[in-house]
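For reference, final-v9.csv (CSV, C-alpha atoms):
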```csv
chain,number,residue,atom,x,y,z
A,1,GLY,CA,0.0,0.0,0.0
A,2,ALA,CA,0.8,3.7,0.1
A,3,VAL,CA,1.9,4.1,-3.5
A,4,VAL,CA,2.5,7.5,-5.0
A,5,SER,CA,2.8,8.0,-8.8
A,6,GLN,CA,4.0,10.9,-10.9
A,7,HIS,CA,3.4,11.7,-14.5
A,8,PRO,CA,5.3,12.2,-16.6
A,9,SER,CA,8.5,10.5,-15.5
A,10,TRP,CA,10.5,12.7,-17.7
A,11,VAL,CA,9.8,15.7,-20.0
A,12,ILE,CA,11.8,17.8,-22.3
A,13,CYS,CA,10.5,21.2,-23.3
A,14,LYS,CA,11.5,24.4,-25.0
A,15,SER,CA,12.3,27.5,-23.0
A,16,GLY,CA,9.2,29.6,-22.5
A,17,THR,CA,6.7,26.8,-22.4
A,18,SER,CA,4.7,25.5,-19.4
A,19,VAL,CA,4.9,22.0,-18.1
A,20,LYS,CA,2.4,20.3,-15.8
A,21,ILE,CA,3.4,17.4,-13.5
A,22,GLU,CA,0.9,15.2,-11.8
A,23,CYS,CA,1.2,13.5,-8.4
A,24,ARG,CA,-1.3,10.9,-7.4
A,25,SER,CA,-1.8,8.8,-4.3
A,26,LEU,CA,-3.0,5.5,-5.7
A,27,ASP,CA,-4.3,3.7,-2.7
A,28,PHE,CA,-4.9,6.3,0.0
A,29,GLN,CA,-6.3,9.7,0.4
A,30,ALA,CA,-3.8,12.5,1.0
A,31,THR,CA,-4.9,15.7,2.6
A,32,THR,CA,-1.4,17.1,2.3
A,33,MET,CA,1.1,16.7,-0.5
A,34,PHE,CA,4.5,18.1,-0.8
A,35,TRP,CA,6.6,19.2,-3.7
A,36,TYR,CA,10.4,19.0,-3.7
A,37,ARG,CA,13.1,19.7,-6.3
A,38,GLN,CA,16.5,18.0,-6.3
A,39,PHE,CA,19.6,19.0,-8.3
A,40,PRO,CA,22.2,16.4,-9.3
A,41,LYS,CA,24.2,15.1,-6.4
A,42,GLN,CA,22.2,17.2,-3.9
A,43,SER,CA,19.5,16.6,-1.4
A,44,LEU,CA,15.8,17.4,-1.6
A,45,MET,CA,14.6,20.9,-1.1
A,46,LEU,CA,11.0,21.5,-0.2
A,47,MET,CA,9.3,23.9,-2.6
A,48,ALA,CA,5.7,24.0,-1.2
A,49,THR,CA,3.1,22.2,0.8
A,50,SER,CA,-0.1,21.5,-1.0
A,51,ASN,CA,-3.4,21.1,1.0
A,52,GLU,CA,-6.5,19.8,-0.7
A,53,GLY,CA,-9.0,22.5,-1.3
A,54,SER,CA,-6.8,25.4,-0.3
A,55,LYS,CA,-3.9,27.5,-1.5
A,56,ALA,CA,-0.4,26.0,-1.4
A,57,THR,CA,2.1,27.2,1.1
A,58,TYR,CA,5.4,28.1,-0.6
A,59,GLU,CA,8.9,28.0,1.0
A,60,GLN,CA,10.9,31.1,1.1
A,61,GLY,CA,12.5,31.9,-2.2
A,62,VAL,CA,10.1,29.8,-4.3
A,63,GLU,CA,8.1,31.9,-6.8
A,64,LYS,CA,4.4,31.0,-6.4
A,65,ASP,CA,3.6,32.6,-9.8
A,66,LYS,CA,6.1,30.4,-11.5
A,67,PHE,CA,5.4,27.1,-9.8
A,68,LEU,CA,1.6,26.8,-9.7
A,69,ILE,CA,0.2,24.1,-7.5
A,70,ASN,CA,-3.3,22.8,-7.5
A,71,HIS,CA,-4.6,20.2,-5.1
A,72,ALA,CA,-8.0,19.6,-6.5
A,73,SER,CA,-8.8,16.2,-4.8
A,74,LEU,CA,-7.6,14.0,-2.0
A,75,THR,CA,-5.6,11.9,-4.5
A,76,LEU,CA,-4.2,14.5,-7.0
A,77,SER,CA,-1.9,17.4,-6.8
A,78,THR,CA,-0.4,19.1,-9.8
A,79,LEU,CA,2.7,21.3,-10.2
A,80,THR,CA,2.8,23.6,-13.3
A,81,VAL,CA,6.2,25.1,-14.2
A,82,THR,CA,5.2,28.3,-16.1
A,83,SER,CA,7.4,29.9,-18.7
A,84,ALA,CA,10.1,27.3,-18.0
A,85,HIS,CA,13.8,28.3,-18.5
A,86,PRO,CA,16.9,26.1,-18.5
A,87,GLU,CA,17.6,26.9,-14.8
A,88,ASP,CA,14.3,25.2,-14.0
A,89,SER,CA,15.7,21.9,-15.2
A,90,SER,CA,15.7,19.6,-12.2
A,91,PHE,CA,14.3,16.5,-10.7
A,92,TYR,CA,10.9,17.2,-9.2
A,93,ILE,CA,9.6,14.9,-6.5
A,94,CYS,CA,6.2,14.9,-4.8
A,95,SER,CA,5.2,13.1,-1.6
A,96,ALA,CA,1.8,12.4,-0.1
A,97,GLU,CA,1.1,12.2,3.6
A,98,SER,CA,-0.7,9.3,5.1
A,99,GLY,CA,-2.5,9.7,8.3
A,100,THR,CA,-3.2,12.6,10.6
A,101,GLY,CA,-0.8,12.2,13.5
A,102,PHE,CA,2.5,13.9,14.1
A,103,THR,CA,4.4,10.8,13.2
A,104,ASP,CA,2.8,10.6,9.7
A,105,THR,CA,4.8,9.1,7.0
A,106,GLN,CA,5.4,10.8,3.7
A,107,TYR,CA,5.4,8.5,0.7
A,108,PHE,CA,7.4,9.7,-2.2
A,109,GLY,CA,6.7,9.5,-5.9
A,110,PRO,CA,9.3,8.3,-8.4
A,111,GLY,CA,10.1,11.8,-9.5
A,112,THR,CA,9.9,13.7,-12.8
A,113,ARG,CA,13.0,14.7,-14.7
A,114,LEU,CA,12.4,18.1,-16.3
A,115,THR,CA,14.9,19.3,-19.0
A,116,VAL,CA,14.3,22.8,-20.4
A,117,LEU,CA,16.2,23.5,-23.7
B,118,THR,CA,15.4,27.2,10.0
B,119,GLN,CA,16.4,23.7,11.0
B,120,LEU,CA,19.5,22.3,9.3
B,121,LEU,CA,20.6,18.7,9.2
B,122,GLU,CA,24.2,18.0,8.5
B,123,GLN,CA,25.1,14.5,7.3
B,124,SER,CA,28.6,13.0,7.3
B,125,PRO,CA,30.4,11.7,5.5
B,126,GLN,CA,29.1,13.2,2.2
B,127,PHE,CA,30.7,10.4,0.2
B,128,LEU,CA,31.7,6.9,1.3
B,129,SER,CA,33.2,4.2,-0.8
B,130,ILE,CA,33.9,0.9,0.8
B,131,GLN,CA,34.5,-2.8,0.1
B,132,GLU,CA,31.8,-5.4,0.4
B,133,GLY,CA,31.7,-6.8,3.9
B,134,GLU,CA,32.9,-3.7,5.7
B,135,ASN,CA,30.9,-1.9,8.3
B,136,LEU,CA,30.0,1.8,8.1
B,137,THR,CA,28.2,4.5,10.0
B,138,VAL,CA,26.5,7.6,8.7
B,139,TYR,CA,25.8,10.6,11.0
B,140,CYS,CA,23.0,13.1,10.9
B,141,ASN,CA,23.4,16.1,13.2
B,142,SER,CA,21.5,19.2,14.0
B,143,SER,CA,21.4,22.0,16.6
B,144,SER,CA,17.6,21.7,16.5
B,145,VAL,CA,15.3,19.3,18.2
B,146,PHE,CA,13.1,17.1,16.0
B,147,SER,CA,9.9,15.4,17.0
B,148,SER,CA,10.7,12.6,14.5
B,149,LEU,CA,13.5,11.7,12.2
B,150,GLN,CA,13.3,9.5,9.2
B,151,TRP,CA,16.0,7.8,7.1
B,152,TYR,CA,15.5,7.3,3.4
B,153,ARG,CA,17.5,5.6,0.6
B,154,GLN,CA,17.3,6.9,-2.9
B,155,GLU,CA,18.6,5.4,-6.1
B,156,PRO,CA,19.4,7.5,-9.2
B,157,GLY,CA,16.3,8.6,-11.1
B,158,GLU,CA,13.9,7.5,-8.4
B,159,GLY,CA,12.2,8.9,-5.3
B,160,PRO,CA,13.4,8.3,-1.8
B,161,VAL,CA,12.2,5.1,-0.1
B,162,LEU,CA,11.5,5.2,3.6
B,163,LEU,CA,13.7,2.9,5.7
B,164,VAL,CA,12.7,3.9,9.2
B,165,THR,CA,11.1,6.5,11.5
B,166,VAL,CA,12.4,7.2,15.0
B,167,VAL,CA,10.5,9.3,17.4
B,168,THR,CA,11.8,8.7,20.9
B,169,GLY,CA,15.1,10.0,22.3
B,170,GLY,CA,17.6,7.1,22.6
B,171,GLU,CA,15.5,4.9,20.4
B,172,VAL,CA,17.3,2.1,18.5
B,173,LYS,CA,15.7,0.3,15.6
B,174,LYS,CA,17.1,-2.5,13.6
B,175,LEU,CA,16.3,-3.5,10.0
B,176,LYS,CA,18.3,-6.6,9.1
B,177,ARG,CA,21.8,-5.3,8.8
B,178,LEU,CA,20.9,-1.7,9.4
B,179,THR,CA,20.8,-0.2,12.8
B,180,PHE,CA,19.3,3.3,13.4
B,181,GLN,CA,19.7,5.3,16.6
B,182,PHE,CA,18.0,8.6,17.6
B,183,GLY,CA,20.0,10.7,20.0
B,184,ASP,CA,18.8,11.2,23.6
B,185,ALA,CA,18.2,14.9,22.9
B,186,ARG,CA,16.5,14.1,19.6
B,187,LYS,CA,19.0,16.4,17.8
B,188,ASP,CA,21.1,13.7,16.0
B,189,SER,CA,20.8,10.2,14.5
B,190,SER,CA,23.0,7.6,13.1
B,191,LEU,CA,22.7,4.8,10.6
B,192,HIS,CA,25.0,1.8,10.9
B,193,ILE,CA,25.3,-0.8,8.2
B,194,THR,CA,27.0,-4.2,9.0
B,195,ALA,CA,28.6,-6.2,6.4
B,196,ALA,CA,27.7,-3.9,3.5
B,197,GLN,CA,26.7,-5.3,0.2
B,198,PRO,CA,26.7,-3.8,-3.3
B,199,GLY,CA,22.9,-3.6,-3.1
B,200,ASP,CA,23.3,-1.1,-0.3
B,201,THR,CA,24.7,1.4,-2.8
B,202,GLY,CA,22.7,4.6,-2.9
B,203,LEU,CA,22.0,8.0,-1.5
B,204,TYR,CA,21.1,7.9,2.2
B,205,LEU,CA,19.1,10.8,3.4
B,206,CYS,CA,18.0,11.7,6.9
B,207,ALA,CA,14.9,14.0,7.3
B,208,GLY,CA,13.5,15.6,10.4
B,209,ALA,CA,10.1,17.0,11.4
B,210,ALA,CA,10.1,19.7,14.1
B,211,GLY,CA,7.3,20.1,16.6
B,212,SER,CA,3.9,19.7,15.0
B,213,ALA,CA,5.0,20.7,11.6
B,214,ARG,CA,4.6,18.2,8.9
B,215,GLN,CA,7.3,19.6,6.6
B,216,LEU,CA,10.4,17.6,6.5
B,217,THR,CA,13.9,19.1,6.5
B,218,PHE,CA,16.3,16.9,4.6
B,219,GLY,CA,19.9,16.3,5.4
B,220,SER,CA,22.6,17.0,2.9
B,221,GLY,CA,22.8,13.3,2.0
B,222,THR,CA,25.5,10.6,2.0
B,223,GLN,CA,26.4,8.9,-1.2
B,224,LEU,CA,27.4,5.3,-0.4
B,225,THR,CA,29.1,3.0,-2.9
B,226,VAL,CA,29.8,-0.6,-1.9
B,227,LEU,CA,32.3,-2.2,-4.2
B,228,PRO,CA,32.2,-6.0,-4.9
```

Exercise: express the given structure as structure tokens:
Amino acid sequence: GAVVSQHPSWVICKSGTSVKIECRSLDFQATTMFWYRQFPKQSLMLMATSNEGSKATYEQGVEKDKFLINHASLTLSTLTVTSAHPEDSSFYICSAESGTGFTDTQYFGPGTRLTVL
Amino acid sequence: TQLLEQSPQFLSIQEGENLTVYCNSSSVFSSLQWYRQEPGEGPVLLVTVVTGGEVKKLKRLTFQFGDARKDSSLHITAAQPGDTGLYLCAGAAGSARQLTFGSGTQLTVLP
């Protein structure tokens, strides 16, 4: 159980275009989902916290107008990278939280590799 | 801002050797998790520790949470090539659900 999927697994786009990444919890409902980005050889950096039915909370330094997050249902959150540029190329990973207690577990998706040309 | 420092950053050892990875912070965490990540994939949860002084074992892996809940360690006994990967610690502070990830330890076990 507790499987999280992401789509697409990789995407290549031209500079200036927008890219949407989907994150789904397949066998549980996730009130809260998280979006991270990871550069090569580096750790995960939290970008934003996505709550179902409300606006996402962005970490300091993350442009909310550039990284649009929509958490429309308890099993789906989307991250749209608007007007993508080469510096946005990265590995984007989502996680979904199972449970409601403070020891909740975050289950991670397999990631989406974005390359902006 | 909570920071988690992991050491060593890189570790290359021979099959059969033992190793320890450390995760340290000046902040107190309500829980701490260890993950293993392979290239091109998301992190996979290995263990969650929540009680100061707690020790958990997972086959050849032993995890310890410091008494003050500011640090943790991961010890691998008789490492195998299949243990190769990026090991990440991540902590949650107070009632916050956001995880702060450590800087990561890239482990390579040579056959």

* Asked: Within 7 Å of Leu76 (chain A), counting only C-alpha atoms, which residues qualify if same-chain residues fewer than 3 places away don't, as JSON, numbers by chain?
  -> {"A": [23, 24, 25, 71, 72, 73]}

How close does each residue of region 63-106 of chain A get to region 40-49 of chain A, giving the shortest atom pair and distance in Å to one decimal for every residue with an atom at most 9 Å away, counting only C-alpha atoms, sorted by chain and residue number, as CSV?
```
residue,atom,partner,partner_atom,distance
A:Lys64,CA,A:Ala48,CA,8.8
A:Phe67,CA,A:Met47,CA,8.8
A:Ile69,CA,A:Ala48,CA,8.4
A:Ser90,CA,A:Pro40,CA,7.8
A:Phe91,CA,A:Pro40,CA,8.0
A:Ile93,CA,A:Leu44,CA,8.3
```

* To do: For chain B, report every residue with an atom at most 8 Å from chain A (counting all atoms listed in the file), formatted as a PyMOL selection string.
  => chain B and resi 148+157-162+167+205+212-221

* Between CA of Asn141 (chain B) and CA of Thr57 (chain A), measure the distance and give it in Å to one decimal. => 26.9 Å

* Separation of CA of Pro8 (chain A) from CA of Cys206 (chain B), in Å and rounded to one decimal -> 26.7 Å

* To do: Can you pull out every residue within 8 Å of Thr31 (chain A), counting all atoms listed in the file, but drop anything in the same chain fewer than 2 positions away, and send it as a PyMOL selection string?
  => chain A and resi 29+33+51-52+74+96-97

* **Nearest to Cys13 (chain A) by atom-to-atom distance, counting only C-alpha atoms, from A:Glu59, A:Pro86, A:Ser98, A:Thr78** => A:Pro86

Since the input is missing atoms for region 25-58 of chain A, could you rebuild it with N, CA and C atoms and give the result as a PDB file, in the coordinates of the input?
```pdb
ATOM      1  N   SER A  25      -1.847   9.894  -5.273  1.00  0.00           N
ATOM      2  CA  SER A  25      -1.800   8.800  -4.300  1.00  0.00           C
ATOM      3  C   SER A  25      -2.757   7.752  -4.749  1.00  0.00           C
ATOM      4  N   LEU A  26      -2.237   6.562  -4.992  1.00  0.00           N
ATOM      5  CA  LEU A  26      -3.000   5.500  -5.700  1.00  0.00           C
ATOM      6  C   LEU A  26      -3.940   4.734  -4.766  1.00  0.00           C
ATOM      7  N   ASP A  27      -3.554   4.537  -3.532  1.00  0.00           N
ATOM      8  CA  ASP A  27      -4.300   3.700  -2.700  1.00  0.00           C
ATOM      9  C   ASP A  27      -4.644   4.270  -1.317  1.00  0.00           C
ATOM     10  N   PHE A  28      -4.507   5.585  -1.220  1.00  0.00           N
ATOM     11  CA  PHE A  28      -4.900   6.300   0.000  1.00  0.00           C
ATOM     12  C   PHE A  28      -5.215   7.714  -0.305  1.00  0.00           C
ATOM     13  N   GLN A  29      -5.913   8.338   0.619  1.00  0.00           N
ATOM     14  CA  GLN A  29      -6.300   9.700   0.400  1.00  0.00           C
ATOM     15  C   GLN A  29      -5.233  10.605   1.164  1.00  0.00           C
ATOM     16  N   ALA A  30      -4.805  11.637   0.495  1.00  0.00           N
ATOM     17  CA  ALA A  30      -3.800  12.500   1.000  1.00  0.00           C
ATOM     18  C   ALA A  30      -4.260  13.924   1.146  1.00  0.00           C
ATOM     19  N   THR A  31      -4.530  14.345   2.362  1.00  0.00           N
ATOM     20  CA  THR A  31      -4.900  15.700   2.600  1.00  0.00           C
ATOM     21  C   THR A  31      -3.817  16.684   2.225  1.00  0.00           C
ATOM     22  N   THR A  32      -2.618  16.223   2.484  1.00  0.00           N
ATOM     23  CA  THR A  32      -1.400  17.100   2.300  1.00  0.00           C
ATOM     24  C   THR A  32      -0.454  16.378   1.353  1.00  0.00           C
ATOM     25  N   MET A  33       0.016  17.123   0.383  1.00  0.00           N
ATOM     26  CA  MET A  33       1.100  16.700  -0.500  1.00  0.00           C
ATOM     27  C   MET A  33       2.188  17.710  -0.497  1.00  0.00           C
ATOM     28  N   PHE A  34       3.380  17.263  -0.769  1.00  0.00           N
ATOM     29  CA  PHE A  34       4.500  18.100  -0.800  1.00  0.00           C
ATOM     30  C   PHE A  34       5.243  18.060  -2.099  1.00  0.00           C
ATOM     31  N   TRP A  35       5.839  19.170  -2.517  1.00  0.00           N
ATOM     32  CA  TRP A  35       6.600  19.200  -3.700  1.00  0.00           C
ATOM     33  C   TRP A  35       8.063  19.581  -3.416  1.00  0.00           C
ATOM     34  N   TYR A  36       8.990  18.789  -3.959  1.00  0.00           N
ATOM     35  CA  TYR A  36      10.400  19.000  -3.700  1.00  0.00           C
ATOM     36  C   TYR A  36      11.095  19.133  -5.110  1.00  0.00           C
ATOM     37  N   ARG A  37      12.277  19.771  -5.103  1.00  0.00           N
ATOM     38  CA  ARG A  37      13.100  19.700  -6.300  1.00  0.00           C
ATOM     39  C   ARG A  37      14.507  19.246  -5.797  1.00  0.00           C
ATOM     40  N   GLN A  38      15.169  18.552  -6.681  1.00  0.00           N
ATOM     41  CA  GLN A  38      16.500  18.000  -6.300  1.00  0.00           C
ATOM     42  C   GLN A  38      17.414  18.183  -7.525  1.00  0.00           C
ATOM     43  N   PHE A  39      18.533  18.866  -7.284  1.00  0.00           N
ATOM     44  CA  PHE A  39      19.600  19.000  -8.300  1.00  0.00           C
ATOM     45  C   PHE A  39      20.538  17.854  -8.181  1.00  0.00           C
ATOM     46  N   PRO A  40      21.267  17.573  -9.277  1.00  0.00           N
ATOM     47  CA  PRO A  40      22.200  16.400  -9.300  1.00  0.00           C
ATOM     48  C   PRO A  40      23.145  16.451  -8.096  1.00  0.00           C
ATOM     49  N   LYS A  41      23.308  15.310  -7.487  1.00  0.00           N
ATOM     50  CA  LYS A  41      24.200  15.100  -6.400  1.00  0.00           C
ATOM     51  C   LYS A  41      23.831  15.906  -5.124  1.00  0.00           C
ATOM     52  N   GLN A  42      22.622  16.418  -5.083  1.00  0.00           N
ATOM     53  CA  GLN A  42      22.200  17.200  -3.900  1.00  0.00           C
ATOM     54  C   GLN A  42      20.967  16.568  -3.264  1.00  0.00           C
ATOM     55  N   SER A  43      20.628  17.117  -2.129  1.00  0.00           N
ATOM     56  CA  SER A  43      19.500  16.600  -1.400  1.00  0.00           C
ATOM     57  C   SER A  43      18.187  17.224  -1.861  1.00  0.00           C
ATOM     58  N   LEU A  44      17.099  16.852  -1.240  1.00  0.00           N
ATOM     59  CA  LEU A  44      15.800  17.400  -1.600  1.00  0.00           C
ATOM     60  C   LEU A  44      15.540  18.714  -0.929  1.00  0.00           C
ATOM     61  N   MET A  45      14.998  19.641  -1.694  1.00  0.00           N
ATOM     62  CA  MET A  45      14.600  20.900  -1.100  1.00  0.00           C
ATOM     63  C   MET A  45      13.118  21.104  -1.263  1.00  0.00           C
ATOM     64  N   LEU A  46      12.461  21.350  -0.142  1.00  0.00           N
ATOM     65  CA  LEU A  46      11.000  21.500  -0.200  1.00  0.00           C
ATOM     66  C   LEU A  46      10.656  22.812  -0.870  1.00  0.00           C
ATOM     67  N   MET A  47       9.725  22.706  -1.827  1.00  0.00           N
ATOM     68  CA  MET A  47       9.300  23.900  -2.600  1.00  0.00           C
ATOM     69  C   MET A  47       7.973  24.415  -1.946  1.00  0.00           C
ATOM     70  N   ALA A  48       7.033  23.505  -1.699  1.00  0.00           N
ATOM     71  CA  ALA A  48       5.700  24.000  -1.200  1.00  0.00           C
ATOM     72  C   ALA A  48       4.951  22.806  -0.616  1.00  0.00           C
ATOM     73  N   THR A  49       4.004  23.187   0.216  1.00  0.00           N
ATOM     74  CA  THR A  49       3.100  22.200   0.800  1.00  0.00           C
ATOM     75  C   THR A  49       1.717  22.470   0.229  1.00  0.00           C
ATOM     76  N   SER A  50       1.127  21.401  -0.244  1.00  0.00           N
ATOM     77  CA  SER A  50      -0.100  21.500  -1.000  1.00  0.00           C
ATOM     78  C   SER A  50      -1.241  20.846  -0.128  1.00  0.00           C
ATOM     79  N   ASN A  51      -2.261  21.623   0.185  1.00  0.00           N
ATOM     80  CA  ASN A  51      -3.400  21.100   1.000  1.00  0.00           C
ATOM     81  C   ASN A  51      -4.631  21.068   0.096  1.00  0.00           C
ATOM     82  N   GLU A  52      -5.345  19.972   0.164  1.00  0.00           N
ATOM     83  CA  GLU A  52      -6.500  19.800  -0.700  1.00  0.00           C
ATOM     84  C   GLU A  52      -7.565  20.865  -0.376  1.00  0.00           C
ATOM     85  N   GLY A  53      -7.997  21.535  -1.435  1.00  0.00           N
ATOM     86  CA  GLY A  53      -9.000  22.500  -1.300  1.00  0.00           C
ATOM     87  C   GLY A  53      -8.589  23.912  -0.867  1.00  0.00           C
ATOM     88  N   SER A  54      -7.293  24.103  -0.680  1.00  0.00           N
ATOM     89  CA  SER A  54      -6.800  25.400  -0.300  1.00  0.00           C
ATOM     90  C   SER A  54      -5.523  25.774  -1.009  1.00  0.00           C
ATOM     91  N   LYS A  55      -5.095  27.011  -0.818  1.00  0.00           N
ATOM     92  CA  LYS A  55      -3.900  27.500  -1.500  1.00  0.00           C
ATOM     93  C   LYS A  55      -2.651  26.784  -0.928  1.00  0.00           C
ATOM     94  N   ALA A  56      -1.692  26.577  -1.795  1.00  0.00           N
ATOM     95  CA  ALA A  56      -0.400  26.000  -1.400  1.00  0.00           C
ATOM     96  C   ALA A  56       0.383  26.967  -0.544  1.00  0.00           C
ATOM     97  N   THR A  57       1.194  26.432   0.328  1.00  0.00           N
ATOM     98  CA  THR A  57       2.100  27.200   1.100  1.00  0.00           C
ATOM     99  C   THR A  57       3.519  27.049   0.535  1.00  0.00           C
ATOM    100  N   TYR A  58       4.129  28.152   0.099  1.00  0.00           N
ATOM    101  CA  TYR A  58       5.400  28.100  -0.600  1.00  0.00           C
ATOM    102  C   TYR A  58       6.556  28.377   0.407  1.00  0.00           C
TER     103      TYR A  58
END
```
